[in-house]
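start_6.csv follows (CSV, C-alpha atoms):
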```csv
chain,number,residue,atom,x,y,z
A,159,GLU,CA,-33.7,-1.9,30.7
A,160,VAL,CA,-30.2,-2.3,29.4
A,161,TRP,CA,-29.5,-2.2,25.7
A,162,ASN,CA,-26.3,-3.6,24.1
A,163,LEU,CA,-25.8,-2.6,20.6
A,164,GLU,CA,-22.8,-3.0,18.2
A,165,SER,CA,-22.8,-0.8,15.1
A,166,ARG,CA,-20.7,0.8,12.4
A,167,VAL,CA,-20.2,4.5,12.7
A,168,TYR,CA,-19.0,6.9,10.1
A,169,ARG,CA,-16.6,9.4,11.4
A,170,GLN,CA,-16.5,13.0,10.1
A,171,ASP,CA,-13.5,12.2,8.0
A,172,GLY,CA,-15.4,9.3,6.3
A,173,SER,CA,-13.6,6.5,8.0
A,174,ILE,CA,-15.6,3.7,9.6
A,175,ILE,CA,-15.3,2.5,13.2
A,176,TRP,CA,-17.2,-0.1,15.2
A,177,VAL,CA,-18.7,0.9,18.5
A,178,SER,CA,-20.4,-1.0,21.3
A,179,GLU,CA,-23.1,1.0,23.0
A,180,LYS,CA,-24.5,0.0,26.4
A,181,GLN,CA,-27.2,2.1,27.8
A,182,ARG,CA,-30.1,2.1,30.1
A,183,ALA,CA,-33.0,4.4,30.8
A,184,VAL,CA,-33.0,6.2,34.1
A,185,TYR,CA,-36.4,6.9,35.8
A,186,ASP,CA,-37.4,9.1,38.7
A,187,SER,CA,-37.6,6.8,41.7
A,188,GLU,CA,-40.6,8.6,43.1
A,189,THR,CA,-42.7,9.3,40.1
A,190,GLY,CA,-41.5,6.7,37.7
A,191,ASP,CA,-41.0,9.3,35.0
A,192,PHE,CA,-38.3,8.9,32.4
A,193,LEU,CA,-35.4,11.2,33.1
A,194,TYR,CA,-32.5,10.3,30.7
A,195,PHE,CA,-30.4,7.6,29.2
A,196,GLU,CA,-27.0,6.8,30.6
A,197,GLY,CA,-24.4,4.6,29.1
A,198,ILE,CA,-21.0,3.8,27.6
A,199,VAL,CA,-19.8,4.0,24.0
A,200,GLU,CA,-16.7,2.0,23.3
A,201,ASP,CA,-14.6,1.8,20.1
A,202,ILE,CA,-14.4,-2.0,19.3
A,203,SER,CA,-12.8,-1.6,15.9
A,204,ALA,CA,-9.7,-3.6,16.8
A,205,ARG,CA,-11.9,-6.5,18.1
A,206,LYS,CA,-14.1,-6.5,15.0
A,207,HIS,CA,-11.0,-6.5,12.8
A,208,VAL,CA,-9.7,-9.6,14.6
A,209,GLU,CA,-13.1,-11.3,14.4
A,210,GLU,CA,-13.3,-10.7,10.7
A,211,LYS,CA,-9.8,-12.0,10.2
A,212,LEU,CA,-10.5,-15.1,12.2
A,213,GLN,CA,-13.8,-15.7,10.2
A,214,TYR,CA,-11.9,-15.3,7.0
A,215,GLN,CA,-9.1,-17.7,8.1
A,216,ALA,CA,-11.7,-20.3,9.2
A,217,SER,CA,-13.5,-20.2,5.8
A,218,HIS,CA,-10.6,-19.8,3.4
A,219,ASP,CA,-7.5,-21.8,2.4
A,220,GLY,CA,-4.4,-20.2,3.7
A,221,LEU,CA,-2.3,-20.9,0.6
A,222,THR,CA,-4.7,-20.0,-2.3
A,223,SER,CA,-7.1,-17.7,-0.4
A,224,LEU,CA,-9.9,-19.6,-2.0
A,225,PRO,CA,-12.8,-20.7,0.1
A,226,ASN,CA,-12.0,-24.0,1.9
A,227,ARG,CA,-13.9,-27.3,2.1
A,228,ASP,CA,-16.0,-26.1,5.1
A,229,TRP,CA,-17.1,-22.9,3.4
A,230,PHE,CA,-17.9,-24.8,0.2
A,231,ILE,CA,-20.1,-27.3,2.1
A,232,TYR,CA,-21.8,-24.5,3.9
A,233,LYS,CA,-22.7,-22.8,0.6
A,234,LEU,CA,-23.9,-26.1,-0.8
A,235,GLN,CA,-26.1,-26.6,2.2
A,236,GLU,CA,-27.5,-23.1,1.8
A,237,LEU,CA,-28.4,-24.1,-1.8
A,238,ILE,CA,-30.0,-27.3,-0.7
A,239,ASP,CA,-32.0,-25.6,2.0
A,240,ALA,CA,-33.2,-22.9,-0.4
A,241,GLN,CA,-34.2,-25.7,-2.9
A,242,ASN,CA,-36.2,-27.4,-0.2
A,243,ILE,CA,-38.0,-24.2,0.8
A,244,ASP,CA,-38.6,-23.1,-2.8
A,245,ALA,CA,-39.4,-26.6,-4.1
A,246,GLN,CA,-43.0,-25.8,-5.0
A,247,ASN,CA,-42.1,-22.6,-7.0
A,248,GLN,CA,-38.9,-22.6,-8.9
A,249,VAL,CA,-36.0,-25.0,-9.2
A,250,ASN,CA,-32.6,-23.4,-9.1
A,251,ASN,CA,-30.2,-25.8,-10.8
A,252,TYR,CA,-26.6,-26.1,-9.5
A,253,ALA,CA,-23.7,-28.4,-10.3
A,254,ILE,CA,-20.6,-29.5,-8.5
A,255,LEU,CA,-17.4,-30.1,-10.4
A,256,PHE,CA,-14.5,-31.9,-8.6
A,257,ILE,CA,-11.0,-31.4,-9.8
A,258,ASP,CA,-8.0,-33.5,-8.8
A,259,LEU,CA,-4.6,-32.6,-10.4
A,260,ASP,CA,-2.8,-35.4,-12.2
A,261,ARG,CA,0.9,-35.7,-11.6
A,262,PHE,CA,0.9,-33.1,-8.9
A,263,LYS,CA,2.8,-35.4,-6.5
A,264,GLY,CA,5.6,-35.7,-9.0
A,265,ILE,CA,6.0,-31.9,-9.3
A,266,ASN,CA,5.9,-31.5,-5.5
A,267,ASP,CA,8.4,-34.3,-5.0
A,268,SER,CA,10.8,-33.3,-7.8
A,269,LEU,CA,10.7,-29.5,-7.6
A,270,GLY,CA,9.8,-29.1,-3.9
A,271,HIS,CA,6.7,-28.0,-1.9
A,272,LEU,CA,7.3,-24.3,-2.5
A,273,VAL,CA,7.0,-24.8,-6.3
A,274,GLY,CA,4.0,-27.1,-5.7
A,275,ASP,CA,2.4,-24.3,-3.7
A,276,VAL,CA,2.9,-21.9,-6.5
A,277,LEU,CA,1.3,-24.3,-8.9
A,278,LEU,CA,-1.7,-24.7,-6.6
A,279,LYS,CA,-2.1,-20.9,-6.4
A,280,LEU,CA,-1.9,-20.6,-10.2
A,281,VAL,CA,-4.5,-23.4,-10.7
A,282,GLY,CA,-6.8,-21.6,-8.3
A,283,GLN,CA,-6.4,-18.3,-10.1
A,284,ARG,CA,-7.1,-20.0,-13.5
A,285,LEU,CA,-10.2,-21.7,-12.2
A,286,GLN,CA,-11.6,-18.4,-11.0
A,287,THR,CA,-11.2,-16.9,-14.5
A,288,VAL,CA,-13.6,-19.4,-16.1
A,289,VAL,CA,-16.5,-19.3,-13.7
A,290,ARG,CA,-19.1,-16.6,-13.1
A,291,SER,CA,-18.8,-14.2,-10.1
A,292,HIS,CA,-21.5,-15.9,-8.1
A,293,ASP,CA,-20.0,-19.4,-8.6
A,294,VAL,CA,-17.7,-20.8,-5.9
A,295,VAL,CA,-14.2,-22.2,-6.5
A,296,ALA,CA,-12.8,-23.9,-3.4
A,297,ARG,CA,-9.7,-25.7,-2.5
A,298,PHE,CA,-10.6,-29.0,-0.8
A,299,GLY,CA,-7.1,-29.8,0.3
A,300,GLY,CA,-3.9,-31.2,-1.3
A,301,ASP,CA,-4.4,-31.0,-5.0
A,302,GLU,CA,-8.2,-31.1,-5.0
A,303,PHE,CA,-10.5,-28.3,-6.0
A,304,ALA,CA,-14.3,-28.1,-6.2
A,305,ILE,CA,-16.5,-25.7,-8.1
A,306,LEU,CA,-20.1,-24.9,-7.2
A,307,LEU,CA,-22.0,-23.6,-10.3
A,308,GLN,CA,-25.1,-21.9,-9.2
A,309,ASP,CA,-28.3,-21.1,-11.2
A,310,ILE,CA,-27.0,-23.0,-14.2
A,311,GLN,CA,-28.6,-24.9,-17.0
A,312,GLN,CA,-27.6,-28.4,-18.1
A,313,GLN,CA,-26.0,-27.4,-21.4
A,314,GLU,CA,-23.9,-24.6,-19.6
A,315,ILE,CA,-22.3,-27.2,-17.3
A,316,THR,CA,-20.5,-28.8,-20.2
A,317,THR,CA,-19.3,-25.4,-21.5
A,318,VAL,CA,-17.8,-24.5,-18.1
A,319,ALA,CA,-16.2,-28.0,-17.8
A,320,GLU,CA,-14.6,-27.5,-21.3
A,321,ARG,CA,-13.3,-24.0,-20.3
A,322,ILE,CA,-11.8,-25.6,-17.2
A,323,LEU,CA,-10.0,-28.3,-19.2
A,324,THR,CA,-8.8,-25.7,-21.7
A,325,VAL,CA,-7.4,-23.3,-19.1
A,326,LEU,CA,-5.8,-26.1,-17.1
A,327,GLN,CA,-4.2,-27.7,-20.2
A,328,GLN,CA,-2.3,-24.5,-20.8
A,329,PRO,CA,1.3,-24.9,-19.6
A,330,PHE,CA,2.3,-23.5,-16.2
A,331,GLN,CA,5.6,-21.7,-15.8
A,332,LEU,CA,7.4,-23.0,-12.8
A,333,GLN,CA,11.1,-22.2,-12.0
A,334,GLY,CA,11.6,-21.1,-15.6
A,335,HIS,CA,10.2,-24.3,-17.1
A,336,LEU,CA,6.8,-25.0,-18.7
A,337,TYR,CA,4.8,-27.8,-17.2
A,338,SER,CA,1.4,-29.1,-18.5
```
Here is the file; what I need is its structure written in the form of structure tokens.
Amino acid sequence: EVWNLESRVYRQDGSIIWVSEKQRAVYDSETGDFLYFEGIVEDISARKHVEEKLQYQASHDGLTSLPNRDWFIYKLQELIDAQNIDAQNQVNNYAILFIDLDRFKGINDSLGHLVGDVLLKLVGQRLQTVVRSHDVVARFGGDEFAILLQDIQQQEITTVAERILTVLQQPFQLQGHLYS
């Protein structure tokens, strides 16, 4: 038998590396008795780092570092699937809030795309301050954001929406000027 195994290993200095282990059992050809294992251990930390980076880039917006549309839909599908499995026991309520920025095109056109990018980052940061740690704030693209509120009661949704309006109505400082 050949075993392939990838695992994290703690070095003596406390650092962590990833290794790939490939091994097989060696038996005596005449008696069939087990003799020993032989194999190869390879440091695959660099490959794992690249894989993690690619996974992050595939699931997050490059500008705001927020989850992207694909990751948001994936998380939503997880909730729907869990709801279907757990339908007979307990209902876990969730809500989706969709946000489209008014007058963003005007700022982008008059002040430039770099300033528009700064505004999108600031909006993303502000949105994250008004949701709980297990909720998801995602950038859908352009000037569109979505928020997935998990395990939330009906009356709490209005509270979160009001907090979002309050935080987004605060002026944004862009190129030394305040915009709201």
Inset, instruction - Find the residue from A:Gln327, A:Gln286, A:Ser203, A:Asn250 that sits nearest to Asp309 (chain A); use only C-alpha atoms when measuring. - result: A:Asn250
Inset, instruction - For Val276 (chain A), please output as a list in words all residues within 9 Å (counting only C-alpha atoms; exclusion window: fewer than 5 positions along the same chain). - result: Leu221, Thr222, His271, Val281 and Leu332 of chain A
Can you write just those residues out, C-alpha atoms, as a PDB file, in the frame of the given file?
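Done, and the output landed in part.pdb:
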```
ATOM      1  CA  LEU A 221      -2.300 -20.900   0.600  1.00  0.00           C
ATOM      2  CA  THR A 222      -4.700 -20.000  -2.300  1.00  0.00           C
ATOM      3  CA  HIS A 271       6.700 -28.000  -1.900  1.00  0.00           C
ATOM      4  CA  VAL A 281      -4.500 -23.400 -10.700  1.00  0.00           C
ATOM      5  CA  LEU A 332       7.400 -23.000 -12.800  1.00  0.00           C
TER       6      LEU A 332
END
```
Inset, instruction - Excluding Asn251 (chain A) and residues on its chain fewer than 6 positions from it, collect all residues at most 8 Å away from it, counting all atoms listed in the file, and give them as a PyMOL selection string. - result: chain A and resi 308-311
Inset, instruction - Do a neighbour search on region 256-266 of chain A at 7 Å with only C-alpha atoms, toss out local chain neighbours closer than 5 positions, and write the hits as a VMD selection string. - result: chain A and resid 271 273 to 274 301 to 305
Would you save the residues from that selection as an mmCIF file, keeping the file's coordinate frame, using C-alpha atoms?
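As written to disk, out14.cif reads:
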```cif
data_model
loop_
_atom_site.group_PDB
_atom_site.id
_atom_site.type_symbol
_atom_site.label_atom_id
_atom_site.label_comp_id
_atom_site.auth_asym_id
_atom_site.auth_seq_id
_atom_site.Cartn_x
_atom_site.Cartn_y
_atom_site.Cartn_z
ATOM 1 C CA HIS A 271 6.700 -28.000 -1.900
ATOM 2 C CA VAL A 273 7.000 -24.800 -6.300
ATOM 3 C CA GLY A 274 4.000 -27.100 -5.700
ATOM 4 C CA ASP A 301 -4.400 -31.000 -5.000
ATOM 5 C CA GLU A 302 -8.200 -31.100 -5.000
ATOM 6 C CA PHE A 303 -10.500 -28.300 -6.000
ATOM 7 C CA ALA A 304 -14.300 -28.100 -6.200
ATOM 8 C CA ILE A 305 -16.500 -25.700 -8.100
#
```
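Rounded to one decimal, CA of Gln328 (chain A) and CA of Gly220 (chain A) lie 25.0 Å from each other.
The space between CA of Val289 (chain A) and CA of Glu209 (chain A) spans 29.4 Å.
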Inset, instruction - Determine, counting all atoms listed in the file, which protein, DNA and RNA residues have an atom within 12 Å of an atom of Ile175 (chain A); residues of the same chain fewer than 5 positions away are not included. Present the result as a ChimeraX atom specification. - result: /A:164-170,199-207
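Nearest to Leu163 (chain A) of all the residues A:Ile198, A:His335, A:Tyr252, A:Tyr185 is A:Ile198, counting all atoms listed in the file.
Here CA of Gly334 (chain A) stands at a distance of 15.4 Å from CA of Asp275 (chain A).
Shortest atom-to-atom contact with Gly282 (chain A) among A:Val177, A:Trp161, A:Asp219, A:Ala319: A:Asp219, counting only C-alpha atoms.
With distances restricted to all atoms listed in the file, A:Thr287 is the closest residue to Thr324 (chain A) from A:Gln312, A:Thr287, A:Ser223, A:Ser173.
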